[in-house]
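Scroll down for the structure; my scribbles are underneath it.
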Amino acid sequence: MIFFLHRKKAGFTLVEMIVSVGLFTAVSFIATGSLLSIVLVNKKVQAQQAVMNNLNFALESMTRDIRVGKAYHCGGGTFTDPQDCSGGGDYFSFLSAENAQQYVYRLEPGGSVIEKSTEGGVLGSYTDLTAEEIHINSLSFVVKGSALGDGIQPSVLIALSGYAFIESQSRPEKVDFSLQTTVSQRLIDY
């Protein structure tokens, strides 16, 4: 007796192919959507980091200058006389210990930019320290121990708050911030 074996041809049926292509397409769409979402979040984080780096640079520049200064003055009046202010003033001035040049920091009147003057606050001598994407709502300086020889080391508390707009997908997103730092004078108060 001779047996004829019918060999089944190996391969995929049309239904199996349609199902596998459909699953592959669905997984590809999900993976692509996730990848695009990660790219958008990365762009937002980089933009936010750039804005915060600008603000950090401005604050660091201020603290470096203040640390080596003397004759701290807060608020209005004659800028050259040392003056404490515990309630917080929106102007701050000091003399450079190196060349006795007067520096003034302030929040731009009616604006939202931190400004610096190296010419004693003369009108028109201010330059912007913060970028236009950063909006400062409040800036205050609290000065303690400014009187020479009072035995208290002069220090300045700088507090600022505001917001920045970060580009997020198709529209800008508002990010609030609040920063505070204390700077003490490097010169010893005798």
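Chain identifiers are assigned as A, B, and so on, following the order in which chains appear in the structure tokens; residues are numbered from 1 within each chain, and ligands are numbered from 1 in order of appearance.
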Quiz item: DSSP on the backbone: what in region 4-183 of chain A comes out strand (DSSP E or B), as number ranges by chain?
Solution: A: 69-74, 83, 85-89, 91-96, 102-107, 114-117, 126-128, 134-144, 155-168, 171-183
Quiz item: Using only C-alpha atoms, which residues sit within 12 Å of region 139-141 of chain A once same-chain residues fewer than 4 positions away are excluded, as a count of residues only?
Solution: 46
Quiz prompt | Contacts of Glu133 (chain A) within 9 Å, only C-alpha atoms, excl. fewer than 5 positions in-chain, as a ChimeraX atom specification | solution = /A:51,163-166
Quiz item: To one decimal place, how far is CA of Gln102 (chain A) from CA of Asp81 (chain A) in Å?
Solution: 11.2 Å
Exercise. Have a look at A:Val143, A:Leu55, A:Val122, A:Ile136 and name the one nearest to Phe94 (chain A); count only C-alpha atoms.
Key: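 Answer, going by the shortest atom-to-atom distance: A:Val143.
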Practice problem: To one decimal in Å, tell me the separation between CA of Leu129 (chain A) and CA of Asn56 (chain A). | Solution: 10.5 Å
Quiz item: Among region 47-108 of chain A, which residues carry a DSSP assignment of alpha helix (DSSP H), reported as a ChimeraX atom specification?
Solution: /A:47-67
Practice problem: Write out as a list in words each polymer residue whose atoms come within 12 Å of Leu148 (chain A), counting only C-alpha atoms; drop sequence neighbours fewer than 3 positions from it. | Solution: Lys70, Ala71, Tyr72, His73, Asp81, Pro82, Gln83, Asp84, Lys144, Gly145, Gly151, Ile152, Gln153, Pro154, Gln185, Leu187, Ile188, Asp189 and Tyr190 of chain A
Take the residues that were just selected and, keeping all heavy atoms, output them as a compact mmCIF listing (two decimals), in the first residue's frame.
# COMPACT_ATOMS: atom_id res chain seq x y z
N LYS A 70 30.07 98.63 49.73
CA LYS A 70 29.99 99.19 51.08
C LYS A 70 28.97 100.31 51.06
O LYS A 70 28.47 100.69 50.01
CB LYS A 70 31.35 99.70 51.54
CG LYS A 70 31.92 100.81 50.66
CD LYS A 70 33.30 101.22 51.13
CE LYS A 70 33.81 102.35 50.24
NZ LYS A 70 35.12 102.82 50.64
N ALA A 71 28.65 100.84 52.23
CA ALA A 71 27.68 101.94 52.38
C ALA A 71 26.34 101.57 51.75
O ALA A 71 25.81 102.28 50.89
CB ALA A 71 28.23 103.24 51.80
N TYR A 72 25.76 100.45 52.19
CA TYR A 72 24.48 99.99 51.67
C TYR A 72 23.39 100.99 52.01
O TYR A 72 23.32 101.53 53.10
CB TYR A 72 24.11 98.64 52.28
CG TYR A 72 25.01 97.49 51.89
CD1 TYR A 72 24.92 96.28 52.56
CD2 TYR A 72 25.93 97.59 50.85
CE1 TYR A 72 25.71 95.21 52.21
CE2 TYR A 72 26.73 96.52 50.50
CZ TYR A 72 26.62 95.34 51.18
OH TYR A 72 27.41 94.29 50.84
N HIS A 73 22.52 101.22 51.05
CA HIS A 73 21.42 102.17 51.23
C HIS A 73 20.17 101.56 50.59
O HIS A 73 20.21 101.08 49.48
CB HIS A 73 21.75 103.50 50.55
CG HIS A 73 20.66 104.52 50.69
ND1 HIS A 73 20.60 105.39 51.74
CD2 HIS A 73 19.59 104.79 49.91
CE1 HIS A 73 19.55 106.16 51.60
NE2 HIS A 73 18.90 105.81 50.49
N ASP A 81 24.36 107.95 51.71
CA ASP A 81 24.31 107.73 53.15
C ASP A 81 23.82 106.31 53.43
O ASP A 81 22.77 105.91 52.95
CB ASP A 81 23.34 108.72 53.82
CG ASP A 81 23.78 110.16 53.65
OD1 ASP A 81 25.00 110.39 53.51
OD2 ASP A 81 22.90 111.04 53.64
N PRO A 82 24.58 105.54 54.26
CA PRO A 82 24.10 104.19 54.61
C PRO A 82 22.75 104.27 55.32
O PRO A 82 22.53 105.16 56.15
CB PRO A 82 25.18 103.66 55.55
CG PRO A 82 26.39 104.48 55.27
CD PRO A 82 25.88 105.82 54.85
N GLN A 83 21.84 103.37 54.95
CA GLN A 83 20.50 103.41 55.55
C GLN A 83 19.91 102.00 55.55
O GLN A 83 19.89 101.35 54.52
CB GLN A 83 19.60 104.34 54.75
CG GLN A 83 18.17 104.37 55.24
CD GLN A 83 17.28 105.25 54.37
OE1 GLN A 83 17.75 106.19 53.75
NE2 GLN A 83 16.00 104.94 54.34
N ASP A 84 19.46 101.57 56.72
CA ASP A 84 18.76 100.30 56.84
C ASP A 84 17.31 100.48 56.40
O ASP A 84 16.78 101.58 56.44
CB ASP A 84 18.74 99.80 58.29
CG ASP A 84 20.08 99.26 58.75
OD1 ASP A 84 21.01 99.21 57.93
OD2 ASP A 84 20.19 98.90 59.93
N LYS A 144 20.19 95.44 56.63
CA LYS A 144 20.42 95.44 58.08
C LYS A 144 21.89 95.68 58.33
O LYS A 144 22.75 95.18 57.61
CB LYS A 144 20.02 94.09 58.69
CG LYS A 144 18.55 93.82 58.61
CD LYS A 144 18.20 92.50 59.26
CE LYS A 144 16.71 92.27 59.13
NZ LYS A 144 16.32 90.95 59.61
N GLY A 145 22.20 96.46 59.35
CA GLY A 145 23.57 96.70 59.78
C GLY A 145 24.37 97.60 58.87
O GLY A 145 25.59 97.48 58.79
N GLY A 151 28.89 97.19 64.77
CA GLY A 151 29.15 95.82 65.22
C GLY A 151 28.30 94.77 64.53
O GLY A 151 28.42 93.60 64.82
N ILE A 152 27.42 95.18 63.64
CA ILE A 152 26.57 94.25 62.90
C ILE A 152 27.07 94.19 61.46
O ILE A 152 27.19 95.23 60.81
CB ILE A 152 25.09 94.68 62.92
CG1 ILE A 152 24.57 94.77 64.35
CG2 ILE A 152 24.24 93.73 62.10
CD1 ILE A 152 23.20 95.40 64.45
N GLN A 153 27.38 93.01 61.00
CA GLN A 153 27.86 92.86 59.63
C GLN A 153 26.72 93.21 58.66
O GLN A 153 25.64 92.64 58.74
CB GLN A 153 28.34 91.41 59.38
CG GLN A 153 29.01 91.19 58.07
CD GLN A 153 30.34 91.93 57.95
OE1 GLN A 153 30.95 92.31 58.92
NE2 GLN A 153 30.75 92.16 56.73
N PRO A 154 26.93 94.17 57.75
CA PRO A 154 25.88 94.57 56.82
C PRO A 154 25.43 93.41 55.94
O PRO A 154 26.26 92.62 55.45
CB PRO A 154 26.53 95.66 55.98
CG PRO A 154 27.65 96.18 56.81
CD PRO A 154 28.13 95.00 57.59
N GLN A 185 28.07 91.65 53.36
CA GLN A 185 29.22 92.42 52.89
C GLN A 185 30.50 91.67 53.20
O GLN A 185 30.67 91.11 54.28
CB GLN A 185 29.22 93.78 53.58
CG GLN A 185 30.34 94.68 53.20
CD GLN A 185 30.21 96.02 53.88
OE1 GLN A 185 29.25 96.74 53.65
NE2 GLN A 185 31.15 96.35 54.74
N LEU A 187 33.56 93.05 53.38
CA LEU A 187 34.40 93.87 54.27
C LEU A 187 33.93 93.71 55.71
O LEU A 187 32.72 93.68 55.99
CB LEU A 187 34.33 95.34 53.87
CG LEU A 187 34.75 95.68 52.44
CD1 LEU A 187 34.41 97.14 52.13
CD2 LEU A 187 36.23 95.41 52.25
N ILE A 188 34.86 93.62 56.63
CA ILE A 188 34.51 93.49 58.04
C ILE A 188 34.06 94.84 58.57
O ILE A 188 34.69 95.88 58.34
CB ILE A 188 35.73 92.98 58.86
CG1 ILE A 188 36.25 91.65 58.32
CG2 ILE A 188 35.39 92.87 60.34
CD1 ILE A 188 35.28 90.51 58.43
N ASP A 189 32.92 94.84 59.32
CA ASP A 189 32.39 96.07 59.93
C ASP A 189 33.02 96.25 61.30
O ASP A 189 32.75 95.50 62.23
CB ASP A 189 30.87 95.94 60.05
CG ASP A 189 30.22 97.23 60.51
OD1 ASP A 189 30.79 98.30 60.24
OD2 ASP A 189 29.15 97.16 61.13
N TYR A 190 33.89 97.22 61.44
CA TYR A 190 34.59 97.47 62.72
C TYR A 190 33.73 98.29 63.63
O TYR A 190 33.16 99.23 63.35
CB TYR A 190 35.90 98.18 62.52
CG TYR A 190 36.89 97.45 61.65
CD1 TYR A 190 37.90 98.13 61.04
CD2 TYR A 190 36.81 96.09 61.45
CE1 TYR A 190 38.82 97.49 60.23
CE2 TYR A 190 37.72 95.43 60.65
CZ TYR A 190 38.72 96.14 60.04
OH TYR A 190 39.63 95.49 59.24
